[in-house]
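Asks: File name run04.cif; file contents mmCIF, C-alpha atoms, pLDDT in the B column; chains and numbers go by the auth columns; full text below.
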```
data_model
#
loop_
_atom_site.group_PDB
_atom_site.id
_atom_site.type_symbol
_atom_site.label_atom_id
_atom_site.label_comp_id
_atom_site.label_asym_id
_atom_site.label_seq_id
_atom_site.Cartn_x
_atom_site.Cartn_y
_atom_site.Cartn_z
_atom_site.B_iso_or_equiv
_atom_site.auth_seq_id
_atom_site.auth_asym_id
ATOM 1 C CA MET A 1 -81.337 26.005 30.216 82.00 1 A
ATOM 2 C CA THR A 2 -82.886 29.381 29.438 93.00 2 A
ATOM 3 C CA SER A 3 -86.263 27.915 28.435 94.00 3 A
ATOM 4 C CA ARG A 4 -87.766 28.723 31.841 94.00 4 A
ATOM 5 C CA LEU A 5 -87.191 32.435 31.266 98.00 5 A
ATOM 6 C CA ARG A 6 -88.156 32.387 27.604 97.00 6 A
ATOM 7 C CA ASN A 7 -91.433 30.582 28.339 97.00 7 A
ATOM 8 C CA GLN A 8 -92.463 33.200 30.880 97.00 8 A
ATOM 9 C CA TRP A 9 -91.518 36.077 28.579 98.00 9 A
ATOM 10 C CA ALA A 10 -93.479 34.456 25.747 97.00 10 A
ATOM 11 C CA GLN A 11 -96.539 34.446 28.024 97.00 11 A
ATOM 12 C CA GLY A 12 -96.049 38.123 28.828 97.00 12 A
ATOM 13 C CA LEU A 13 -94.916 37.369 32.373 97.00 13 A
ATOM 14 C CA PRO A 14 -91.974 39.119 34.060 97.00 14 A
ATOM 15 C CA THR A 15 -89.095 37.180 35.590 98.00 15 A
ATOM 16 C CA TYR A 16 -87.222 38.136 38.732 98.00 16 A
ATOM 17 C CA ASN A 17 -83.452 38.141 39.039 98.00 17 A
ATOM 18 C CA PHE A 18 -81.113 38.407 42.043 98.00 18 A
ATOM 19 C CA PHE A 19 -77.444 39.421 42.076 98.00 19 A
ATOM 20 C CA LEU A 20 -74.709 37.552 43.961 98.00 20 A
ATOM 21 C CA THR A 21 -71.674 39.469 45.211 98.00 21 A
ATOM 22 C CA ILE A 22 -70.409 37.156 47.974 98.00 22 A
ATOM 23 C CA PRO A 23 -67.829 34.629 46.724 98.00 23 A
ATOM 24 C CA ASN A 24 -69.396 31.504 48.190 98.00 24 A
ATOM 25 C CA ALA A 25 -71.112 28.441 46.704 98.00 25 A
ATOM 26 C CA TRP A 26 -73.448 27.898 49.657 98.00 26 A
ATOM 27 C CA THR A 27 -74.934 31.396 49.538 97.00 27 A
ATOM 28 C CA ALA A 28 -75.314 30.967 45.775 98.00 28 A
ATOM 29 C CA GLU A 29 -77.223 27.717 46.225 98.00 29 A
ATOM 30 C CA LEU A 30 -79.321 29.171 49.038 98.00 30 A
ATOM 31 C CA MET A 31 -80.420 32.161 46.966 98.00 31 A
ATOM 32 C CA ALA A 32 -81.005 29.989 43.896 98.00 32 A
ATOM 33 C CA ARG A 33 -83.401 27.872 45.986 98.00 33 A
ATOM 34 C CA SER A 34 -85.348 30.937 47.129 98.00 34 A
ATOM 35 C CA GLY A 35 -87.559 31.038 44.025 97.00 35 A
ATOM 36 C CA PHE A 36 -85.956 33.685 41.813 98.00 36 A
ATOM 37 C CA GLU A 37 -86.157 32.637 38.178 98.00 37 A
ATOM 38 C CA SER A 38 -82.556 33.676 37.553 98.00 38 A
ATOM 39 C CA ILE A 39 -79.465 34.317 39.633 98.00 39 A
ATOM 40 C CA THR A 40 -76.656 36.562 38.379 98.00 40 A
ATOM 41 C CA LEU A 41 -73.042 36.264 39.472 98.00 41 A
ATOM 42 C CA ASP A 42 -71.744 39.813 39.635 98.00 42 A
ATOM 43 C CA MET A 43 -68.150 39.630 38.457 98.00 43 A
ATOM 44 C CA GLN A 44 -68.032 43.368 37.834 98.00 44 A
ATOM 45 C CA HIS A 45 -68.755 44.817 41.277 98.00 45 A
ATOM 46 C CA GLY A 46 -68.983 41.636 43.326 98.00 46 A
ATOM 47 C CA LEU A 47 -66.038 39.878 45.012 98.00 47 A
ATOM 48 C CA ILE A 48 -66.174 36.844 42.720 98.00 48 A
ATOM 49 C CA ASP A 49 -63.268 35.452 40.685 98.00 49 A
ATOM 50 C CA PHE A 50 -63.429 32.731 38.044 98.00 50 A
ATOM 51 C CA GLN A 51 -62.705 29.762 40.308 98.00 51 A
ATOM 52 C CA THR A 52 -65.377 30.811 42.776 98.00 52 A
ATOM 53 C CA ALA A 53 -67.776 31.541 39.917 98.00 53 A
ATOM 54 C CA LEU A 54 -67.360 27.946 38.716 98.00 54 A
ATOM 55 C CA HIS A 55 -68.291 26.593 42.153 98.00 55 A
ATOM 56 C CA GLN A 56 -71.273 28.938 42.296 98.00 56 A
ATOM 57 C CA LEU A 57 -72.475 27.854 38.845 98.00 57 A
ATOM 58 C CA GLN A 58 -72.262 24.246 40.029 98.00 58 A
ATOM 59 C CA ALA A 59 -74.270 25.098 43.141 98.00 59 A
ATOM 60 C CA ILE A 60 -76.938 26.985 41.183 98.00 60 A
ATOM 61 C CA GLY A 61 -77.062 24.018 38.813 98.00 61 A
ATOM 62 C CA THR A 62 -78.675 21.918 41.571 98.00 62 A
ATOM 63 C CA THR A 63 -81.733 24.223 41.375 98.00 63 A
ATOM 64 C CA ASP A 64 -84.231 25.458 38.791 97.00 64 A
ATOM 65 C CA ALA A 65 -82.766 28.980 38.703 98.00 65 A
ATOM 66 C CA VAL A 66 -81.148 30.078 35.439 98.00 66 A
ATOM 67 C CA PRO A 67 -77.482 31.073 36.011 98.00 67 A
ATOM 68 C CA LEU A 68 -76.450 34.400 34.498 98.00 68 A
ATOM 69 C CA VAL A 69 -73.157 36.279 34.812 99.00 69 A
ATOM 70 C CA ARG A 70 -72.473 39.985 34.736 98.00 70 A
ATOM 71 C CA LEU A 71 -69.045 40.152 33.172 98.00 71 A
ATOM 72 C CA PRO A 72 -66.205 42.223 34.620 98.00 72 A
ATOM 73 C CA TRP A 73 -65.688 43.757 31.179 98.00 73 A
ATOM 74 C CA ASN A 74 -66.272 43.321 27.453 98.00 74 A
ATOM 75 C CA GLU A 75 -63.247 41.083 26.933 98.00 75 A
ATOM 76 C CA PRO A 76 -63.330 37.890 24.818 98.00 76 A
ATOM 77 C CA SER A 77 -61.330 35.570 27.076 98.00 77 A
ATOM 78 C CA ILE A 78 -63.563 35.945 30.147 98.00 78 A
ATOM 79 C CA ILE A 79 -66.689 35.853 27.950 98.00 79 A
ATOM 80 C CA MET A 80 -65.682 32.515 26.435 98.00 80 A
ATOM 81 C CA LYS A 81 -64.465 31.114 29.752 98.00 81 A
ATOM 82 C CA MET A 82 -67.741 31.866 31.551 98.00 82 A
ATOM 83 C CA LEU A 83 -69.760 30.316 28.728 98.00 83 A
ATOM 84 C CA ASP A 84 -67.581 27.197 28.746 98.00 84 A
ATOM 85 C CA ALA A 85 -68.099 27.005 32.526 98.00 85 A
ATOM 86 C CA GLY A 86 -71.860 26.829 32.054 98.00 86 A
ATOM 87 C CA ALA A 87 -73.291 30.344 32.267 98.00 87 A
ATOM 88 C CA ALA A 88 -76.650 30.357 30.493 98.00 88 A
ATOM 89 C CA GLY A 89 -76.476 34.048 29.740 98.00 89 A
ATOM 90 C CA LEU A 90 -74.179 37.045 30.017 98.00 90 A
ATOM 91 C CA ILE A 91 -74.766 40.680 30.912 99.00 91 A
ATOM 92 C CA CYS A 92 -72.043 42.903 29.504 99.00 92 A
ATOM 93 C CA PRO A 93 -71.425 46.210 31.317 98.00 93 A
ATOM 94 C CA MET A 94 -70.579 49.626 29.940 98.00 94 A
ATOM 95 C CA ILE A 95 -71.595 49.095 26.315 98.00 95 A
ATOM 96 C CA ASP A 96 -71.341 52.530 24.680 98.00 96 A
ATOM 97 C CA THR A 97 -71.619 51.812 20.968 98.00 97 A
ATOM 98 C CA ALA A 98 -73.018 49.349 18.451 98.00 98 A
ATOM 99 C CA GLU A 99 -69.441 48.314 17.650 98.00 99 A
ATOM 100 C CA GLU A 100 -68.835 47.346 21.275 99.00 100 A
ATOM 101 C CA ALA A 101 -72.128 45.440 21.385 99.00 101 A
ATOM 102 C CA ALA A 102 -71.191 43.614 18.189 98.00 102 A
ATOM 103 C CA ALA A 103 -67.792 42.659 19.643 98.00 103 A
ATOM 104 C CA PHE A 104 -69.546 41.257 22.719 99.00 104 A
ATOM 105 C CA VAL A 105 -71.951 39.206 20.613 98.00 105 A
ATOM 106 C CA ARG A 106 -69.164 37.882 18.371 98.00 106 A
ATOM 107 C CA ALA A 107 -67.254 36.597 21.407 98.00 107 A
ATOM 108 C CA CYS A 108 -70.390 34.766 22.569 98.00 108 A
ATOM 109 C CA HIS A 109 -71.086 32.831 19.365 98.00 109 A
ATOM 110 C CA TYR A 110 -69.252 30.231 17.332 98.00 110 A
ATOM 111 C CA PRO A 111 -68.340 30.857 13.687 97.00 111 A
ATOM 112 C CA PRO A 112 -69.735 31.884 11.321 96.00 112 A
ATOM 113 C CA ALA A 113 -71.800 34.156 13.599 96.00 113 A
ATOM 114 C CA GLY A 114 -68.885 34.931 15.902 98.00 114 A
ATOM 115 C CA ILE A 115 -65.353 34.145 17.023 98.00 115 A
ATOM 116 C CA ARG A 116 -65.940 31.932 20.074 98.00 116 A
ATOM 117 C CA SER A 117 -63.399 29.149 20.375 98.00 117 A
ATOM 118 C CA TYR A 118 -64.858 25.650 20.668 98.00 118 A
ATOM 119 C CA GLY A 119 -64.264 23.941 24.005 98.00 119 A
ATOM 120 C CA PRO A 120 -67.456 23.937 26.112 98.00 120 A
ATOM 121 C CA ILE A 121 -65.920 21.759 28.810 98.00 121 A
ATOM 122 C CA ARG A 122 -68.817 22.060 31.284 98.00 122 A
ATOM 123 C CA ALA A 123 -71.485 23.729 29.157 98.00 123 A
ATOM 124 C CA ALA A 124 -71.698 20.803 26.710 98.00 124 A
ATOM 125 C CA ARG A 125 -72.340 18.395 29.565 97.00 125 A
ATOM 126 C CA LEU A 126 -75.285 20.445 30.769 96.00 126 A
ATOM 127 C CA ALA A 127 -76.932 20.761 27.383 94.00 127 A
ATOM 128 C CA GLU A 128 -79.683 18.606 25.970 86.00 128 A
ATOM 129 C CA GLY A 129 -78.557 17.490 22.534 91.00 129 A
ATOM 130 C CA ASP A 130 -75.694 18.956 20.538 95.00 130 A
ATOM 131 C CA TYR A 131 -74.404 22.029 22.372 97.00 131 A
ATOM 132 C CA PHE A 132 -72.653 23.395 19.293 96.00 132 A
ATOM 133 C CA GLN A 133 -75.914 23.351 17.344 94.00 133 A
ATOM 134 C CA THR A 134 -78.104 24.808 20.102 95.00 134 A
ATOM 135 C CA ALA A 135 -75.835 27.334 21.821 96.00 135 A
ATOM 136 C CA HIS A 136 -76.526 30.131 19.346 95.00 136 A
ATOM 137 C CA SER A 137 -80.288 30.019 19.867 95.00 137 A
ATOM 138 C CA THR A 138 -80.377 29.349 23.618 96.00 138 A
ATOM 139 C CA LEU A 139 -77.686 31.674 24.968 98.00 139 A
ATOM 140 C CA LEU A 140 -78.868 35.005 26.411 98.00 140 A
ATOM 141 C CA THR A 141 -76.754 38.075 25.638 98.00 141 A
ATOM 142 C CA PHE A 142 -77.606 41.376 27.317 98.00 142 A
ATOM 143 C CA ALA A 143 -75.890 44.690 26.607 99.00 143 A
ATOM 144 C CA MET A 144 -76.030 47.064 29.544 98.00 144 A
ATOM 145 C CA ILE A 145 -77.334 50.550 28.856 98.00 145 A
ATOM 146 C CA GLU A 146 -75.749 52.619 31.592 98.00 146 A
ATOM 147 C CA THR A 147 -73.999 55.638 30.084 98.00 147 A
ATOM 148 C CA ALA A 148 -74.974 58.804 28.270 98.00 148 A
ATOM 149 C CA SER A 149 -73.081 57.465 25.236 98.00 149 A
ATOM 150 C CA ALA A 150 -75.152 54.294 25.274 98.00 150 A
ATOM 151 C CA ALA A 151 -78.308 56.406 25.433 98.00 151 A
ATOM 152 C CA ASP A 152 -77.103 58.397 22.419 98.00 152 A
ATOM 153 C CA ASN A 153 -76.409 55.183 20.490 98.00 153 A
ATOM 154 C CA LEU A 154 -79.355 53.204 21.828 98.00 154 A
ATOM 155 C CA GLU A 155 -81.118 52.447 18.554 98.00 155 A
ATOM 156 C CA ALA A 156 -77.891 51.334 16.854 98.00 156 A
ATOM 157 C CA ILE A 157 -76.992 49.074 19.807 99.00 157 A
ATOM 158 C CA ALA A 158 -80.446 47.474 19.765 98.00 158 A
ATOM 159 C CA ALA A 159 -80.086 46.707 16.065 98.00 159 A
ATOM 160 C CA VAL A 160 -76.952 44.550 16.544 98.00 160 A
ATOM 161 C CA PRO A 161 -77.667 41.018 15.234 98.00 161 A
ATOM 162 C CA GLY A 162 -77.444 38.249 17.823 97.00 162 A
ATOM 163 C CA LEU A 163 -78.181 40.438 20.827 98.00 163 A
ATOM 164 C CA SER A 164 -80.877 38.991 23.121 98.00 164 A
ATOM 165 C CA GLY A 165 -81.709 42.066 25.124 98.00 165 A
ATOM 166 C CA LEU A 166 -80.898 45.405 26.710 99.00 166 A
ATOM 167 C CA PHE A 167 -80.338 45.651 30.447 98.00 167 A
ATOM 168 C CA VAL A 168 -80.548 49.093 32.047 98.00 168 A
ATOM 169 C CA GLY A 169 -78.122 49.983 34.831 98.00 169 A
ATOM 170 C CA PRO A 170 -79.947 53.017 36.286 98.00 170 A
ATOM 171 C CA TYR A 171 -77.261 53.907 38.800 97.00 171 A
ATOM 172 C CA ASP A 172 -74.365 54.451 36.386 98.00 172 A
ATOM 173 C CA LEU A 173 -76.810 55.836 33.851 98.00 173 A
ATOM 174 C CA SER A 174 -78.023 58.448 36.335 98.00 174 A
ATOM 175 C CA VAL A 175 -74.454 59.436 37.179 97.00 175 A
ATOM 176 C CA SER A 176 -73.499 59.646 33.505 98.00 176 A
ATOM 177 C CA LEU A 177 -76.548 61.781 32.711 97.00 177 A
ATOM 178 C CA GLY A 178 -75.830 64.107 35.647 97.00 178 A
ATOM 179 C CA ILE A 179 -79.072 63.241 37.437 96.00 179 A
ATOM 180 C CA LYS A 180 -79.069 64.186 41.117 91.00 180 A
ATOM 181 C CA GLY A 181 -81.612 61.577 42.198 91.00 181 A
ATOM 182 C CA ILE A 182 -79.639 58.393 41.527 94.00 182 A
ATOM 183 C CA ALA A 183 -81.803 55.703 39.910 96.00 183 A
ATOM 184 C CA ASP A 184 -84.945 57.791 40.321 96.00 184 A
ATOM 185 C CA ILE A 185 -87.146 56.309 37.615 97.00 185 A
ATOM 186 C CA HIS A 186 -89.456 59.334 37.868 96.00 186 A
ATOM 187 C CA ASP A 187 -86.729 61.767 36.851 97.00 187 A
ATOM 188 C CA PRO A 188 -87.714 63.013 33.366 97.00 188 A
ATOM 189 C CA ALA A 189 -84.257 62.471 31.858 97.00 189 A
ATOM 190 C CA LEU A 190 -83.936 58.894 33.119 98.00 190 A
ATOM 191 C CA ARG A 191 -87.555 58.131 32.344 98.00 191 A
ATOM 192 C CA ALA A 192 -87.059 59.214 28.747 98.00 192 A
ATOM 193 C CA VAL A 193 -84.179 56.752 28.328 98.00 193 A
ATOM 194 C CA LEU A 194 -86.208 53.932 29.893 98.00 194 A
ATOM 195 C CA GLU A 195 -89.036 54.538 27.445 98.00 195 A
ATOM 196 C CA ARG A 196 -86.604 54.580 24.521 98.00 196 A
ATOM 197 C CA VAL A 197 -85.108 51.279 25.718 98.00 197 A
ATOM 198 C CA LEU A 198 -88.554 49.683 25.789 98.00 198 A
ATOM 199 C CA LYS A 199 -89.392 51.032 22.339 98.00 199 A
ATOM 200 C CA ALA A 200 -86.077 49.763 20.908 98.00 200 A
ATOM 201 C CA CYS A 201 -86.579 46.336 22.470 98.00 201 A
ATOM 202 C CA GLN A 202 -90.069 46.088 21.044 98.00 202 A
ATOM 203 C CA LYS A 203 -88.863 47.114 17.581 98.00 203 A
ATOM 204 C CA HIS A 204 -86.009 44.605 17.504 98.00 204 A
ATOM 205 C CA GLN A 205 -87.735 41.838 19.505 98.00 205 A
ATOM 206 C CA LEU A 206 -85.296 42.074 22.398 98.00 206 A
ATOM 207 C CA ILE A 207 -85.783 41.296 26.073 98.00 207 A
ATOM 208 C CA SER A 208 -85.884 44.412 28.254 98.00 208 A
ATOM 209 C CA GLY A 209 -84.130 44.166 31.612 98.00 209 A
ATOM 210 C CA ILE A 210 -83.423 46.556 34.460 98.00 210 A
ATOM 211 C CA HIS A 211 -81.980 46.538 37.971 98.00 211 A
ATOM 212 C CA SER A 212 -83.509 48.500 40.821 96.00 212 A
ATOM 213 C CA GLY A 213 -82.637 48.463 44.494 91.00 213 A
ATOM 214 C CA ASN A 214 -86.045 49.985 45.196 92.00 214 A
ATOM 215 C CA THR A 215 -88.524 47.111 45.283 91.00 215 A
ATOM 216 C CA GLU A 216 -91.419 49.580 45.224 91.00 216 A
ATOM 217 C CA HIS A 217 -90.378 50.512 41.680 95.00 217 A
ATOM 218 C CA LEU A 218 -90.547 46.953 40.366 95.00 218 A
ATOM 219 C CA ALA A 219 -94.310 46.806 39.863 95.00 219 A
ATOM 220 C CA GLU A 220 -94.161 50.112 37.989 97.00 220 A
ATOM 221 C CA LEU A 221 -91.245 48.942 35.852 98.00 221 A
ATOM 222 C CA SER A 222 -93.084 45.723 35.064 97.00 222 A
ATOM 223 C CA GLY A 223 -96.153 47.734 34.124 97.00 223 A
ATOM 224 C CA MET A 224 -94.013 49.813 31.781 98.00 224 A
ATOM 225 C CA GLY A 225 -93.009 46.627 29.995 98.00 225 A
ATOM 226 C CA PHE A 226 -89.672 45.543 31.486 98.00 226 A
ATOM 227 C CA GLN A 227 -89.415 41.757 31.391 98.00 227 A
ATOM 228 C CA LEU A 228 -86.301 40.874 33.388 98.00 228 A
ATOM 229 C CA LEU A 229 -86.618 42.615 36.758 98.00 229 A
ATOM 230 C CA SER A 230 -83.550 42.516 38.951 98.00 230 A
ATOM 231 C CA THR A 231 -83.376 43.697 42.529 96.00 231 A
ATOM 232 C CA GLY A 232 -81.111 43.376 45.525 93.00 232 A
ATOM 233 C CA ASP A 233 -77.932 41.464 46.188 97.00 233 A
ATOM 234 C CA ASP A 234 -76.731 39.055 48.843 98.00 234 A
ATOM 235 C CA THR A 235 -74.447 41.584 50.573 98.00 235 A
ATOM 236 C CA GLY A 236 -77.271 44.081 51.056 97.00 236 A
ATOM 237 C CA LEU A 237 -79.738 41.375 52.096 97.00 237 A
ATOM 238 C CA LEU A 238 -77.383 39.957 54.728 98.00 238 A
ATOM 239 C CA GLU A 239 -76.512 43.400 56.053 98.00 239 A
ATOM 240 C CA LYS A 240 -80.149 44.468 56.294 97.00 240 A
ATOM 241 C CA GLY A 241 -81.146 41.198 57.944 97.00 241 A
ATOM 242 C CA ALA A 242 -78.425 41.579 60.565 98.00 242 A
ATOM 243 C CA LYS A 243 -79.376 45.190 61.323 98.00 243 A
ATOM 244 C CA ASP A 244 -83.084 44.340 61.510 97.00 244 A
ATOM 245 C CA LEU A 245 -82.373 41.454 63.883 97.00 245 A
ATOM 246 C CA LEU A 246 -80.158 43.566 66.127 97.00 246 A
ATOM 247 C CA GLY A 247 -82.726 46.348 66.146 97.00 247 A
ATOM 248 C CA ALA A 248 -85.441 43.908 67.195 96.00 248 A
ATOM 249 C CA LEU A 249 -83.259 42.515 69.967 96.00 249 A
ATOM 250 C CA ARG A 250 -82.485 45.966 71.332 94.00 250 A
ATOM 251 C CA ARG A 251 -86.151 46.974 71.270 91.00 251 A
ATOM 252 C CA GLU A 252 -87.048 43.866 73.250 83.00 252 A
ATOM 253 C CA LYS A 253 -84.596 44.824 76.004 76.00 253 A
ATOM 254 C CA ARG A 254 -86.234 48.230 76.574 73.00 254 A
#
```
Translate the structure described by the file into structure tokens.
Replies:
Amino acid sequence: MTSRLRNQWAQGLPTYNFFLTIPNAWTAELMARSGFESITLDMQHGLIDFQTALHQLQAIGTTDAVPLVRLPWNEPSIIMKMLDAGAAGLICPMIDTAEEAAAFVRACHYPPAGIRSYGPIRAARLAEGDYFQTAHSTLLTFAMIETASAADNLEAIAAVPGLSGLFVGPYDLSVSLGIKGIADIHDPALRAVLERVLKACQKHQLISGIHSGNTEHLAELSGMGFQLLSTGDDTGLLEKGAKDLLGALRREKR
């Protein structure tokens, strides 16, 4: 299921990701049909619970978009449940240490590599071939780098076996670093962390990901070497569209 992303990364091409926060299967399907290579259910800051997430995964499954999930927390039961439900990859928030990253990875993989319990009720029915044999190599596991502690432990986190990539959360990272310009990729302190992330990913053959609400930054981030470029969410897109429409209507009346 993740081959679409892996093929583009292997060719040196970036992929574009969009976050879902609205708990609705139709909006999930609509955004998945828009052309983004991957769609992420945001169970951390979005309004999505497990039952809704299942319906959204089913809706995204009617499209070519790769379904990812940002977990609410680094907790084994929700990790295993989302994988069994058919998530192709997981983004784990607030990873501070290599030990936390290792715990995340262990929960994602079956023994002997991890502690995941076997019962892929939906995932096995989506897989080509034997899911148990292929899950370890096809699943995407991203540790979020979004705290000063994570920045301090960056190299150790990147060295954790079984991790697929690092995903920068520049908003929390900016707050944690005490940066006034939130998510300003030109701030020297934030920029230094971004460059270290890219260097660590290159060293350990990891995928480098980042989220930015500023679409003007995406070309620059891609040029720096980030491979999974995430921007926007459905709540913001709907709100902006409504305001733009109303503004146009009011201008026409003048």
Asks: One decimal, in Å: what's the spacing between CA of Thr235 (chain A) and CA of Ser174 (chain A)?
Replies: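 Spanning CA of Thr235 (chain A) to CA of Ser174 (chain A) is a straight-line distance of 22.4 Å.
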Asks: Output the residue selection produced by the PyMOL selection byres ((chain A and resi 55-67) around 9) on the file above, formatted as a PyMOL selection string.
Replies: chain A and resi 1-5+23-33+35-41+50-54+68-69+85-89+126
Asks: Taking C-alpha atoms for each residue, export the selection above as a short mmCIF file (atom, residue, chain, number, x, y, z; two decimals), keeping the file's coordinate frame.
Replies:
```cif
data_model
loop_
_atom_site.label_atom_id
_atom_site.label_comp_id
_atom_site.auth_asym_id
_atom_site.auth_seq_id
_atom_site.Cartn_x
_atom_site.Cartn_y
_atom_site.Cartn_z
CA MET A 1 -81.34 26.00 30.22
CA THR A 2 -82.89 29.38 29.44
CA SER A 3 -86.26 27.92 28.44
CA ARG A 4 -87.77 28.72 31.84
CA LEU A 5 -87.19 32.44 31.27
CA PRO A 23 -67.83 34.63 46.72
CA ASN A 24 -69.40 31.50 48.19
CA ALA A 25 -71.11 28.44 46.70
CA TRP A 26 -73.45 27.90 49.66
CA THR A 27 -74.93 31.40 49.54
CA ALA A 28 -75.31 30.97 45.78
CA GLU A 29 -77.22 27.72 46.22
CA LEU A 30 -79.32 29.17 49.04
CA MET A 31 -80.42 32.16 46.97
CA ALA A 32 -81.00 29.99 43.90
CA ARG A 33 -83.40 27.87 45.99
CA GLY A 35 -87.56 31.04 44.02
CA PHE A 36 -85.96 33.68 41.81
CA GLU A 37 -86.16 32.64 38.18
CA SER A 38 -82.56 33.68 37.55
CA ILE A 39 -79.46 34.32 39.63
CA THR A 40 -76.66 36.56 38.38
CA LEU A 41 -73.04 36.26 39.47
CA PHE A 50 -63.43 32.73 38.04
CA GLN A 51 -62.70 29.76 40.31
CA THR A 52 -65.38 30.81 42.78
CA ALA A 53 -67.78 31.54 39.92
CA LEU A 54 -67.36 27.95 38.72
CA LEU A 68 -76.45 34.40 34.50
CA VAL A 69 -73.16 36.28 34.81
CA ALA A 85 -68.10 27.00 32.53
CA GLY A 86 -71.86 26.83 32.05
CA ALA A 87 -73.29 30.34 32.27
CA ALA A 88 -76.65 30.36 30.49
CA GLY A 89 -76.48 34.05 29.74
CA LEU A 126 -75.28 20.44 30.77
#
```
Asks: When distances are computed from all atoms listed in the file, which of A:Asp244, A:Asp84, A:Asp42, A:Glu239 shows the smallest separation from Arg122 (chain A)?
Replies: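 Using all atoms listed in the file, the shortest distance to Arg122 (chain A) belongs to A:Asp84.
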Asks: Please write as a VMD selection string the full residue list that the PyMOL selection byres ((chain A and resi 234) around 8) yields on this file.
Replies: chain A and resid 19 to 22 27 232 to 233 235 to 238
Asks: Spell out the residues picked by the PyMOL selection byres ((chain A and resi 202) around 12) here, as number ranges by chain.
Replies: A: 155, 158-159, 164-166, 195-201, 203-208, 225-227
Asks: Mind pulling up the distance from CA of Gly223 (chain A) to CA of Gly169 (chain A)?
Replies: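 CA of Gly223 (chain A) lies 18.2 Å from CA of Gly169 (chain A).
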Asks: Could you please determine the separation between CA of His136 (chain A) and CA of Leu221 (chain A) in Å, to one decimal place?
Replies: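 We find that CA of His136 (chain A) and CA of Leu221 (chain A) lie 29.0 Å from each other.
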Asks: Here is a test: counting only C-alpha atoms, which residue of A:Asn7, A:Thr231, A:Ser176, A:Asn74 is nearest to Thr147 (chain A)?
Replies: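 Going through A:Asn7, A:Thr231, A:Ser176, A:Asn74 one by one, the smallest distance to Thr147 (chain A) is for A:Ser176.
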Asks: When you count only C-alpha atoms, which of these residues is closest to Ser137 (chain A): A:Gly209, A:Asn17, A:Arg6, A:Leu154?
Replies: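 Under the stated criterion, the closest residue is A:Arg6.
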Asks: Would you kindly return, as JSON, numbers by chain, each protein, DNA or RNA residue with an atom no farther than 12 Å from any atom of region 102-109 of chain A, considering all atoms listed in the file and excluding same-chain residues fewer than 5 positions away?
Replies: {"A": [71, 73, 74, 75, 76, 77, 78, 79, 80, 81, 82, 83, 84, 87, 88, 89, 90, 91, 92, 93, 94, 95, 96, 97, 114, 115, 116, 117, 118, 120, 131, 132, 133, 134, 135, 136, 137, 138, 139, 140, 141, 142, 143, 144, 156, 157, 158, 159, 160, 161, 162, 163, 164, 165]}
Asks: Do you know which residues are at most 7 Å from Ser212 (chain A) counting only C-alpha atoms, after dropping those on the same chain fewer than 2 positions away, and could you put them as a list in words?
Replies: Ile210, Asn214, Thr215, Ser230 and Thr231 of chain A
Asks: Quick one: of A:Leu229, A:Leu218, A:Leu13, A:Ala148, who's nearest to Val193 (chain A), counting only C-alpha atoms?
Replies: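 Distance minimum relative to Val193 (chain A) lands on A:Ala148.
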Asks: So which residues fall inside 9 Å of (-77.4, 58.2, 31.9) if we count only C-alpha atoms? Mind giving them as a PyMOL selection string?
Replies: chain A and resi 145-151+169-179+189-190+193
